[in-house]
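Have a look at the structure below before the remarks.
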Amino acid sequence: MSLPGTLLGFLEPFVPSANQPWDARRVQHFYQRVGFGATREMINQGLALTPGELVDQVIDGLVAAPDPVPPFWANWSWDDYGDDDDLYFQHKREFNIRWMREMVEEGLRAKLALFWHNHFVTEELVYSCNSFMWAYYNLLHRFAVGNFRTFVEEMGVNPAMLVYLNGNINVASQPNENYARELMELFTMGESNGYTQDDIVEVARALTGWRVNMYSCDNTVTFNINLHDQGQKTIFGHTGNWGYDDVHDLIFNSRRDQVAHYICQKLYRFFVYQEPNEEVVNELADTFKNNNWEIAPVLRQLFKSAHFFDDSVINTYIKSPVDAMANLFRLTGVITPDELTDDNIAYLNYIVDQLGQEIFNPVDVAGWPGYHAWLNENTLAFRWAFSANFLYGRFANYEPIREKLRSLAIDLVGPDQTDPLIVTRALVDHFLKRELDPPLFDTAVQYFKGEIPENYFQNGTWGLYYSEVPYQIINLLYYITRLPEWQLG
């Protein structure tokens with residue numbers, strides 16, 4: 001499916017109108033794409049701002065965000081662990097819980113870092129070192145909305161990447177082409193887009209000499225001039241005694257159009273729609289080049305645009321496993337530390353792994369393919385089962401969560417509402433950002449009513465302070481999370 005041609009070139013700022021109002025649906029759409037969904041409080045705050053003000057507030061916050069706080073073991077080598085394998089795996093588990101917690105609790109920078117994780121792919125199962133994992137995570141978060149060129153330059157000498165794509169064994173006497181190939185094919189220019197096999201060979205020679213000790217798990221990266229190829233190399237038709245910095249100069253100067261288009265196309269596919277609108281991508285690419293490879297101006301332009309907020313863009317994104325599960329927490333407002341126990345987050349990690357999105361371990365160097373690949377008969381059934389486990393096994397058995405669900409309904413329709421159809425419609429709109437067709441909505445109402453006697457809804461016995469209301473909302477959520485519409489965001 002392609003987006004309508006009427007959207008072509010619509011990177012002018014979104015101006016709300018009677019046909020396309022600034023409403024909860026659009027605020028949710030923004031937070032769904034740039035993060036993992038919005039709590040009701042976030043939606044209310046967003047509605048108090050203009051679209052441009054909200055986007056600026058969020059991007060400004062991301063730009064100003066402090067660097068991630070390192071764990072105490074951030075620089076531990078194998079010597080520091082000694083023979084304590086259990087401690088090594090404990091730290092690894094805790095760090096996985098940390099990132100998943102960040103996705104559910106604050107969402108925004110964690111979502112962008114997840115995007116870059118699937119761009120600059122490494123696999124922890126290959127480098128198997130906690131200090132390398134930290135260095136990689138730290139880089140993804142520090143540059144989530146930073147300068148892309150500097151991001152690329154630092155990624156090539158990141159210890160996790162040096163091991164994963166064999167830069168660590170790329171030496172003058174035996175150049176290894178793995179990183180050189182992916183630097184151009186996956187990280188900057190796109191497959192077969194402005195480079196040749198000869199360029200790959202020459203770039204590999206220019207990148208020789210960088211080392212990290214994968215066997216000691218010491219994350220100190222060094223450059224050994226004696227292992228560097230100091231001969232003449234010809235890259236993109238330019239000949240010289242090129243080294244690491246020169247390679248990036250050549251890529252970002254000689255192939256700037258290819259880099260800008262490829263990265264902006266990838267951003268578009270992730271944040272807007274799988275099939276890119278080339279006119280929009282070209283406008284974003286011009287912004288990227290004109291702002292010296294800064295990521296934030298590109299995101300501002302995209303997220304403020306009429307194109308991004310058009311009706312045809314909303315609910316066209318197939319949720320990844322992380323999106324689907326984190327979305328359940330954020331839309332219900334279940335995001336406080338006492339609700340997000342380590343046990344709950346560990347279980348969430350397990351679910352995401354089972355659904356094919358193991359954090360720190362994408363399927364291969366090209367990353368998770370995403371989109372339709374996320375859903376098949378097995379994964380859809382697993383999504384249903386895991387959502388039900390959380391709803392009935394964890395939400396229903398914890399009173400503060402139950403009362404948070406009640407508060408959500410009250411916030412949506414007011415404390416005095418006694419019409420179950422109105423309450424159901426408000427909850428459906430909140431969780432799905434759309435109206436359901438009448439037969440589906442009628443079924444949703446029945447799930448919400450549950451086993452409450454019908455006369456209770458008619459004689460005033462039932463209201464939002466009725467004891468069973470949280471369980472009614474859980475029943476409705478069980479139904480909602482089994483709908484195809486829930487898988488779209």
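Please note that chains go A, B, ... in the order of the structure tokens, that every chain numbers its residues from 1, and that ligands are numbered from 1 in the order shown.
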* To do: For Arg33 in chain A, please output as a ChimeraX atom specification all residues within 9 Å (counting only C-alpha atoms; exclusion window: fewer than 4 positions along the same chain).
  => /A:28-29,37,111,270-272,317,489
Save the residues we just selected, C-alpha atoms, as a PDB file, in the first residue's frame?
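Dumped to selection23.pdb:
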```pdb
ATOM      1  CA  GLN A  28      -0.858   9.532  20.851  1.00  0.00           C
ATOM      2  CA  HIS A  29       0.324   9.024  17.275  1.00  0.00           C
ATOM      3  CA  GLY A  37       2.965   5.402  23.519  1.00  0.00           C
ATOM      4  CA  LYS A 111      13.088   4.155  21.234  1.00  0.00           C
ATOM      5  CA  PHE A 270      10.774   3.507  10.832  1.00  0.00           C
ATOM      6  CA  PHE A 271       8.848   6.587  11.954  1.00  0.00           C
ATOM      7  CA  VAL A 272       6.250   7.039   9.198  1.00  0.00           C
ATOM      8  CA  TYR A 317       2.832   0.945  11.603  1.00  0.00           C
ATOM      9  CA  GLY A 489       0.276   1.947  15.818  1.00  0.00           C
TER      10      GLY A 489
END
```
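Residues in contact range of Asn193 in chain A, defined as at most 12 Å between only C-alpha atoms, with sequence neighbours fewer than 4 positions away removed, read Arg181, Met184, Glu185, Leu186, Phe187, Thr188, Met189, Gln197, Asp199, Phe236, Ile251, Arg255, Arg256, Asp257, Gln258, Val259, Ala260, His261 and Tyr262 of chain A.
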* What residues in range 154-384 of chain A get the DSSP label strand (DSSP E or B)? Please answer as a PyMOL selection string. -> chain A and resi 171+174+210-213+218-223+233-235+238-240+294+305+318
* **Test item: residues at most 12 Å from range 80-82 of chain A, only C-alpha atoms, excluding those fewer than 2 positions along its chain, as a list in words** =>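 These residues fall inside the cut-off: Phe72, Trp73, Ala74, Asn75, Trp76, Ser77, Trp78, Asp84, Asp85, Asp86, Leu87, Tyr88, Phe89, Gln90, His91, Cys129, Asn130, Ser131, Ser216, Cys217 and Asp218 of chain A.
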* Considering only C-alpha atoms, return as a list in words whatever protein or nucleic-acid residues lie within 12 Å of Val365 in chain A, sequence-local ones (same chain, fewer than 5 positions apart) excluded. =>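 Final neighbour list, sorted by chain and number: His117, Asn118, His119, Phe120, Val121, Thr122, Glu123, Glu124, Val126, Met161, Tyr164, Leu165, Asn178, Tyr179, Arg181, Glu182, Leu183, Glu185, Leu186, Phe187 and Phe360 of chain A.
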Given the selection you just returned, output its residues as a file containing C-alpha atoms, formatted as a PDB file, in the first residue's frame.
```
ATOM      1  CA  HIS A 117      20.642  -0.513  17.478  1.00  0.00           C
ATOM      2  CA  ASN A 118      18.865  -1.989  14.475  1.00  0.00           C
ATOM      3  CA  HIS A 119      20.956   0.188  12.162  1.00  0.00           C
ATOM      4  CA  PHE A 120      24.445  -0.183  13.634  1.00  0.00           C
ATOM      5  CA  VAL A 121      23.849  -3.825  14.477  1.00  0.00           C
ATOM      6  CA  THR A 122      26.036  -5.817  16.821  1.00  0.00           C
ATOM      7  CA  GLU A 123      25.200  -9.082  18.570  1.00  0.00           C
ATOM      8  CA  GLU A 124      26.125  -9.608  22.195  1.00  0.00           C
ATOM      9  CA  VAL A 126      29.254 -12.654  19.281  1.00  0.00           C
ATOM     10  CA  MET A 161      31.642  -3.279  16.675  1.00  0.00           C
ATOM     11  CA  TYR A 164      31.453  -8.074  15.728  1.00  0.00           C
ATOM     12  CA  LEU A 165      32.584  -7.063  12.228  1.00  0.00           C
ATOM     13  CA  ASN A 178      33.668  -7.082   6.824  1.00  0.00           C
ATOM     14  CA  TYR A 179      33.383  -3.685   8.488  1.00  0.00           C
ATOM     15  CA  ARG A 181      31.526  -3.468   3.447  1.00  0.00           C
ATOM     16  CA  GLU A 182      28.870  -2.824   6.097  1.00  0.00           C
ATOM     17  CA  LEU A 183      30.110   0.724   6.704  1.00  0.00           C
ATOM     18  CA  GLU A 185      26.258  -0.979   2.520  1.00  0.00           C
ATOM     19  CA  LEU A 186      24.335  -0.826   5.811  1.00  0.00           C
ATOM     20  CA  PHE A 187      25.580   2.106   7.854  1.00  0.00           C
ATOM     21  CA  PHE A 360      21.277  -6.693  22.064  1.00  0.00           C
TER      22      PHE A 360
END
```
Residues near range 246-249 of chain A, anyone? I mean within 10 Å using only C-alpha atoms, not counting same-chain ones fewer than 4 positions away, as a PDB file with C-alpha atoms, in the first residue's frame.
```
ATOM      1  CA  ARG A 149      28.859  11.666  11.061  1.00  0.00           C
ATOM      2  CA  THR A 150      30.449  11.657  14.508  1.00  0.00           C
ATOM      3  CA  VAL A 152      29.556   6.723  12.483  1.00  0.00           C
ATOM      4  CA  GLU A 153      33.147   7.691  13.276  1.00  0.00           C
ATOM      5  CA  ALA A 180      34.352  -1.774   5.340  1.00  0.00           C
ATOM      6  CA  LEU A 183      30.110   0.724   6.704  1.00  0.00           C
ATOM      7  CA  THR A 188      25.950   5.044   5.456  1.00  0.00           C
ATOM      8  CA  GLU A 202      40.627  -0.056  -0.306  1.00  0.00           C
ATOM      9  CA  VAL A 203      38.483   1.148   2.593  1.00  0.00           C
ATOM     10  CA  ALA A 204      39.383  -2.013   4.518  1.00  0.00           C
ATOM     11  CA  ALA A 206      42.507   2.357   5.244  1.00  0.00           C
ATOM     12  CA  LEU A 207      40.792   1.121   8.418  1.00  0.00           C
ATOM     13  CA  ILE A 235      38.638   5.222  -2.839  1.00  0.00           C
ATOM     14  CA  GLY A 240      46.120   8.971  -1.238  1.00  0.00           C
ATOM     15  CA  ASN A 241      47.636   7.453   1.855  1.00  0.00           C
ATOM     16  CA  TRP A 242      44.188   7.293   3.404  1.00  0.00           C
ATOM     17  CA  ASN A 253      31.929  14.549   1.155  1.00  0.00           C
ATOM     18  CA  SER A 254      32.171  12.465  -2.031  1.00  0.00           C
ATOM     19  CA  ARG A 255      28.997  10.487  -1.336  1.00  0.00           C
ATOM     20  CA  ARG A 256      26.980  12.973   0.699  1.00  0.00           C
TER      21      ARG A 256
END
```
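Considering the residues A:Lys404, A:Arg482, A:Lys449, A:Arg425 and counting only C-alpha atoms, Ala324 in chain A has its shortest atom-to-atom contact with A:Arg482.
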With only C-alpha atoms counted and 12 Å as the cut-off, give the residues of range 446-482 of chain A in contact with range 331-355 of chain A, each with its shortest interatomic distance in Å and the pair that gives it, as JSON lines.
```
{"residue": "A:Pro470", "atom": "CA", "partner": "A:Thr332", "partner_atom": "CA", "distance": 11.3}
{"residue": "A:Ile473", "atom": "CA", "partner": "A:Thr332", "partner_atom": "CA", "distance": 10.1}
{"residue": "A:Ile474", "atom": "CA", "partner": "A:Thr332", "partner_atom": "CA", "distance": 10.2}
{"residue": "A:Leu477", "atom": "CA", "partner": "A:Thr332", "partner_atom": "CA", "distance": 9.7}
```
* To do: Pick out the closest residue to Phe30 in chain A from this set: A:Gly46, A:Leu140, A:Asn459, A:Arg269. Count only C-alpha atoms.
  => A:Gly46
* In Å, with one decimal, what is the gap from CA of Leu299 in chain A to CA of Ile97 in chain A? ->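 Answer for the CA of Leu299 in chain A to CA of Ile97 in chain A separation: 27.9 Å.
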* To do: Please give the complete set of residues from range 252-451 of chain A that DSSP, run on the backbone, assigns to helix (DSSP H, G or I), formatted as a ChimeraX atom specification.
  => /A:252-254,256-271,278-290,295-304,306-309,321-332,342-354,371-374,377-395,399-413,420-432,438-449
* Can you work out the spacing between CA of Pro68 in chain A and CA of Trp134 in chain A in Å, to one decimal? => 9.9 Å
* Asked: With distances taken over only C-alpha atoms, which of A:Tyr466, A:Asn226, A:Ile59, A:Gly237 is nearest to Asp416 in chain A?
  -> A:Tyr466
* For CA of Phe441 in chain A and CA of Pro420 in chain A, quote the distance in Å rounded to one decimal. =>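 It comes out at 11.8 Å.
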* If you count only C-alpha atoms, which residues fall within 10 Å of Asp56 in chain A, apart from same-chain ones fewer than 5 positions away, as a PyMOL selection string? -> chain A and resi 50-51+61-62+296+299-300+303-304
Please produce a file of the residues just selected, as a short mmCIF file (atom, residue, chain, number, x, y, z; two decimals), in the first residue's frame, where the atoms kept are N, CA and C atoms.
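Final output, result10.cif:
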```
data_model
loop_
_atom_site.label_atom_id
_atom_site.label_comp_id
_atom_site.auth_asym_id
_atom_site.auth_seq_id
_atom_site.Cartn_x
_atom_site.Cartn_y
_atom_site.Cartn_z
N THR A 50 0.77 23.52 21.17
CA THR A 50 0.57 23.35 19.74
C THR A 50 1.39 22.15 19.28
N PRO A 51 1.09 21.58 18.10
CA PRO A 51 1.90 20.46 17.61
C PRO A 51 3.39 20.80 17.56
N GLY A 61 14.27 18.16 24.81
CA GLY A 61 14.58 17.31 25.96
C GLY A 61 15.55 16.20 25.62
N LEU A 62 15.41 15.64 24.42
CA LEU A 62 16.33 14.58 24.00
C LEU A 62 17.72 15.13 23.77
N ALA A 296 18.77 15.86 14.85
CA ALA A 296 17.63 16.54 15.46
C ALA A 296 16.85 17.40 14.46
N LEU A 299 14.49 15.22 12.42
CA LEU A 299 13.35 14.73 13.18
C LEU A 299 12.35 15.85 13.45
N ARG A 300 12.83 17.06 13.75
CA ARG A 300 11.91 18.18 13.95
C ARG A 300 11.06 18.41 12.70
N PHE A 303 8.56 15.38 12.21
CA PHE A 303 7.50 15.24 13.21
C PHE A 303 6.57 16.45 13.27
N LYS A 304 7.01 17.61 12.80
CA LYS A 304 6.14 18.78 12.77
C LYS A 304 5.27 18.84 11.53
#
```
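Excluding Glu451 in chain A itself and same-chain residues fewer than 5 positions from it, the residues having an atom within 12 Å of it are A:Val445, A:Gln446, A:Tyr456, A:Phe457, A:Glu468, A:Val469, A:Tyr471, A:Gln472, A:Asn475, counting only C-alpha atoms.
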